[in-house]
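Participant: This is the structure I have questions about; it appears just below.
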Amino acid sequence: MNKLRIFALVLAMMPAIVSAQSWKSETMMTIGDKQITAGEFMEIYEKNNVNGEVLDKKSVDEYLDLFTTFKLKVIEAQSRGMDTAAKFVKELNGYRKQLAKPYFSNDETTEYLVEEAYERMKWDINASHILVKCDEHAVPADTLKAYNKAMKIRERILKGEDFNDVAVEVSDDPSARDHKEIPGKQRAYKGNRGNLGYFTAFDMVYPFETGAYNTKEGEISMPVRSSFGYHIIKVNSKTPAYGTIKAAHIFLAVDENDPIKTDSIVREKINNIYKEIDEDGKNWYVMVNKYTEDRGTVANNGMLSPFRVSQIVPEFIAALKGLKENEIAEPIKTSYGYHIVKLVSSSGIDSFDKEKENIKKRVEKDMRANIGDDVVLKRLMKENKFNEFVKVKDKFIKTVDSTLNNGAFVASPAIDVNSVLFKLNEDSFTINDFIGYIEKNQKQEPFLSPEAYAYTLYDEFVKETVFAYEDSRLETKYPEFGFLVQEYHDGILLFDLMENEVWNKAAKDTAGLKNYYEEHKDEYTWGERVKTMVIITAKPELVDTLNYFLDEELTADSIKAIVKSDRNFSGTSVKTVYFQRGENKDIDAVEWYPSTVVQFNSYTDNMIYIYKMLEVHEAEVKKFKEVRGIVTSAYQTQLEQDWMETLKEKYPVSVNEVVLDEVRQYYEK
């Protein structure tokens, strides 16, 4: 066969090939004036009957009936304007926001941050720092000045100066230094000399946490940048994590204004108390009751509320760190006074699988989530061909004055507000757009230069614009997302409509429910039943006493009262139950006569069952109150069926059998 003949054959086949695909875009059915293509039907059919694990698979014809009913309701809801109601719009937007999250997340970065946090959570760190303040929005010149200052401080320490002494002298963290009392305003307190105490992952801002965990024990870090400025960090210790701690203490307060509570006297007293405690701690409770001044913990053996290492003074944690469970440390002093500390338990850290989801939630709320945002932002900029006109940006920002810092920005009249700052694909974003953003988001910033604040706002404007731009295109860029949002749209409408037309209507229509019951009550009947007192006990020694109660014709309520009031009957229960034939094999095994008593031992749960038959009832119609729930459900079904007939008249349904047959054949292959 030559090339010409092959080419002719291909041309002849092309209409058939095109035709084989084109039927999916043809109208398969019409409901009212709405046309539905085969492809639209097939997409929903496959999701519910082909893809994944489907519990109740339907044939094409079976599903067509369900699909038609569903669409009729949605069309009716839209005709009523329910899809424009504020409540509906708010609810749908909420769902859409959740559905859109995966398109704005970086799973690899999140996974890395979760694993990193878990590894850090295995360790408790005790660290000191020296802070050199620098605003997070500072211009490069001010940032460099602060960094150089931090480096000079670090050099002093590396040359041999004591870290804590230098912290007291130069740190911009005021907690490093002692503070005198200011009557009526501030109590006197001793500075921490730079020591921040114990912490683990999530206790500090992320950059500081990273600097601490990346510094070896005993070493001094390079300057670490956070929103507060530059930190020089010294890691004092790194120990296995305690997790949640349960500890008890005996506490004595120090008060230099009280001659019997001076430091030296209290120190001597706490040491003597420590010597009185048994080596195995058996008299701990006695000693707590006798000596502690923390009266809030006396009733619980000196036990404090559970805490983590960052929630209590570091001296307390340091004392606990060397202890085994139920071991007692030598007396320690804190800013509150003297303590004898006992470790009761520590939870440690669970396995990664158990901790993973909780850590992920914390990562998403923590500032480290910004790392993932930055990765996504760069991806979206690339995908949407972000093109920035830097000269236009810089020229505009140079015109910004102090009105911006005052929260009342006024743009220079010389600016061409239509100048383009950047583009996303072919869409332009101008200085005027940025000014609009400034007017919405500006606030007073007296500690920043106008230029620094303008650059900060510009970065936020770019990020918000890029994310909003991507969000506006999700339905077209990702058809599967658009389809999912449409599903939620239709599902919410369906729920609201059914609630109005069927569920609430049936629940409120008491007369209609009773009429339905009267018309169908023969469908709601009891079989032959026996009213039975059931006594269940775990104690064989009680059987004779319980049978005596039954012989004396005591009622179920009377026996129940005795059982409840006498602790000898613990593990015994009494109730009254109606049994139909076939519901209880023990009851079915005997003749049904009033006053009959039977006993069965269960080897499954090691319980003894005693049954006393009280009344035998012949088959009878169930009362309305007994079947109201079932009747309501059946009445709802009838209301829905009647309503659907009305909708079919309002929105005539026609099916293109030729296209439907194509769909049938497609799934029969």
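We name chains A, B, ... following the order of the structure tokens; residues begin at 1 in each chain, and ligands are numbered from 1 as shown.
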Excluding range 336-345 of chain A and residues on its chain fewer than 6 positions from it, collect all residues at most 10 Å away from it, counting only C-alpha atoms, and give them as a PyMOL selection string.
Facilitator: chain A and resi 242-255+261+263+266-267+269-271+273-274+281+284+288+292+302-303+306+313+315-317+319-330
Participant: Just the strand (DSSP E or B) stuff from range 101-255 of chain A, please, per backbone DSSP, written as number ranges by chain.
Facilitator: A: 123-133, 179, 182, 186, 189, 195-199, 220, 224-226, 229-240, 245-253
Participant: Enumerate the residues of range 332-470 of chain A with a DSSP assignment of alpha helix (DSSP H), computed from the backbone, and present them as an NGL selection string.
Facilitator: :A and (352-365 or 369-383 or 390-398 or 431-441 or 450-470)
Participant: When you look at Ser79 in chain A with a cut-off of 12 Å (counting only C-alpha atoms), what residues show up, excluding the ones that are within fewer than 6 positions of it in the same chain? I need them as a ChimeraX atom specification.
Facilitator: /A:32-34,72-73,493,497,647,650-651
Participant: Using only C-alpha atoms, which residues sit within 12 Å of Leu92 in chain A once same-chain residues fewer than 2 positions away are excluded, as a PyMOL selection string?
Facilitator: chain A and resi 82-90+94-99+484-493
Participant: How many Å lie between CA of Val417 in chain A and CA of Glu445 in chain A, rounded to one decimal?
Facilitator: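 If I compute the distance from CA of Val417 in chain A to CA of Glu445 in chain A, I get 23.9 Å.
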Participant: Residues within 7 Å of range 613-617 of chain A, please, as a count of residues only. Count only C-alpha atoms; anything in the same chain fewer than 6 positions from it doesn't count.
Facilitator: 12
Participant: Please identify all polymer residues within 12 Å of Asn601 in chain A, counting only C-alpha atoms, omitting same-chain residues fewer than 5 positions from it, and present them as number ranges by chain.
Facilitator: A: 535-540, 543, 586, 606-611
Participant: Write out as a list in words which residues come within 9 Å of Tyr458 in chain A when counting only C-alpha atoms, dropping same-chain ones fewer than 2 positions away.
Facilitator: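 Non-adjacent residues within range: Lys393, Phe434, Tyr437, Ile438, Tyr453, Ala454, Tyr455, Thr456, Glu460, Phe461, Val462 and Lys463 of chain A.
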Participant: When you count only C-alpha atoms, which of these residues is closest to Glu464 in chain A: A:Asp401, A:Asp416, A:Asp373, A:Glu181?
Facilitator: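 So, comparing all the options, the nearest one is A:Asp373.
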Participant: Pick out the closest residue to Lys190 in chain A from this set: A:Ala176, A:Leu660, A:Cys134, A:Ala556. Count only C-alpha atoms.
Facilitator: A:Ala176
Participant: Name the closest residue to Glu76 in chain A among the candidates A:Ile31, A:Trp23, A:Asp173, A:Glu662; distances are taken between atoms, counting only C-alpha atoms.
Facilitator: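 Answer, going by the shortest atom-to-atom distance: A:Ile31.
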Participant: Which residue out of A:Asp135, A:Lys354, A:Lys423, A:Pro450 has the minimum interatomic distance to Phe396 in chain A when only C-alpha atoms are used?
Facilitator: A:Pro450
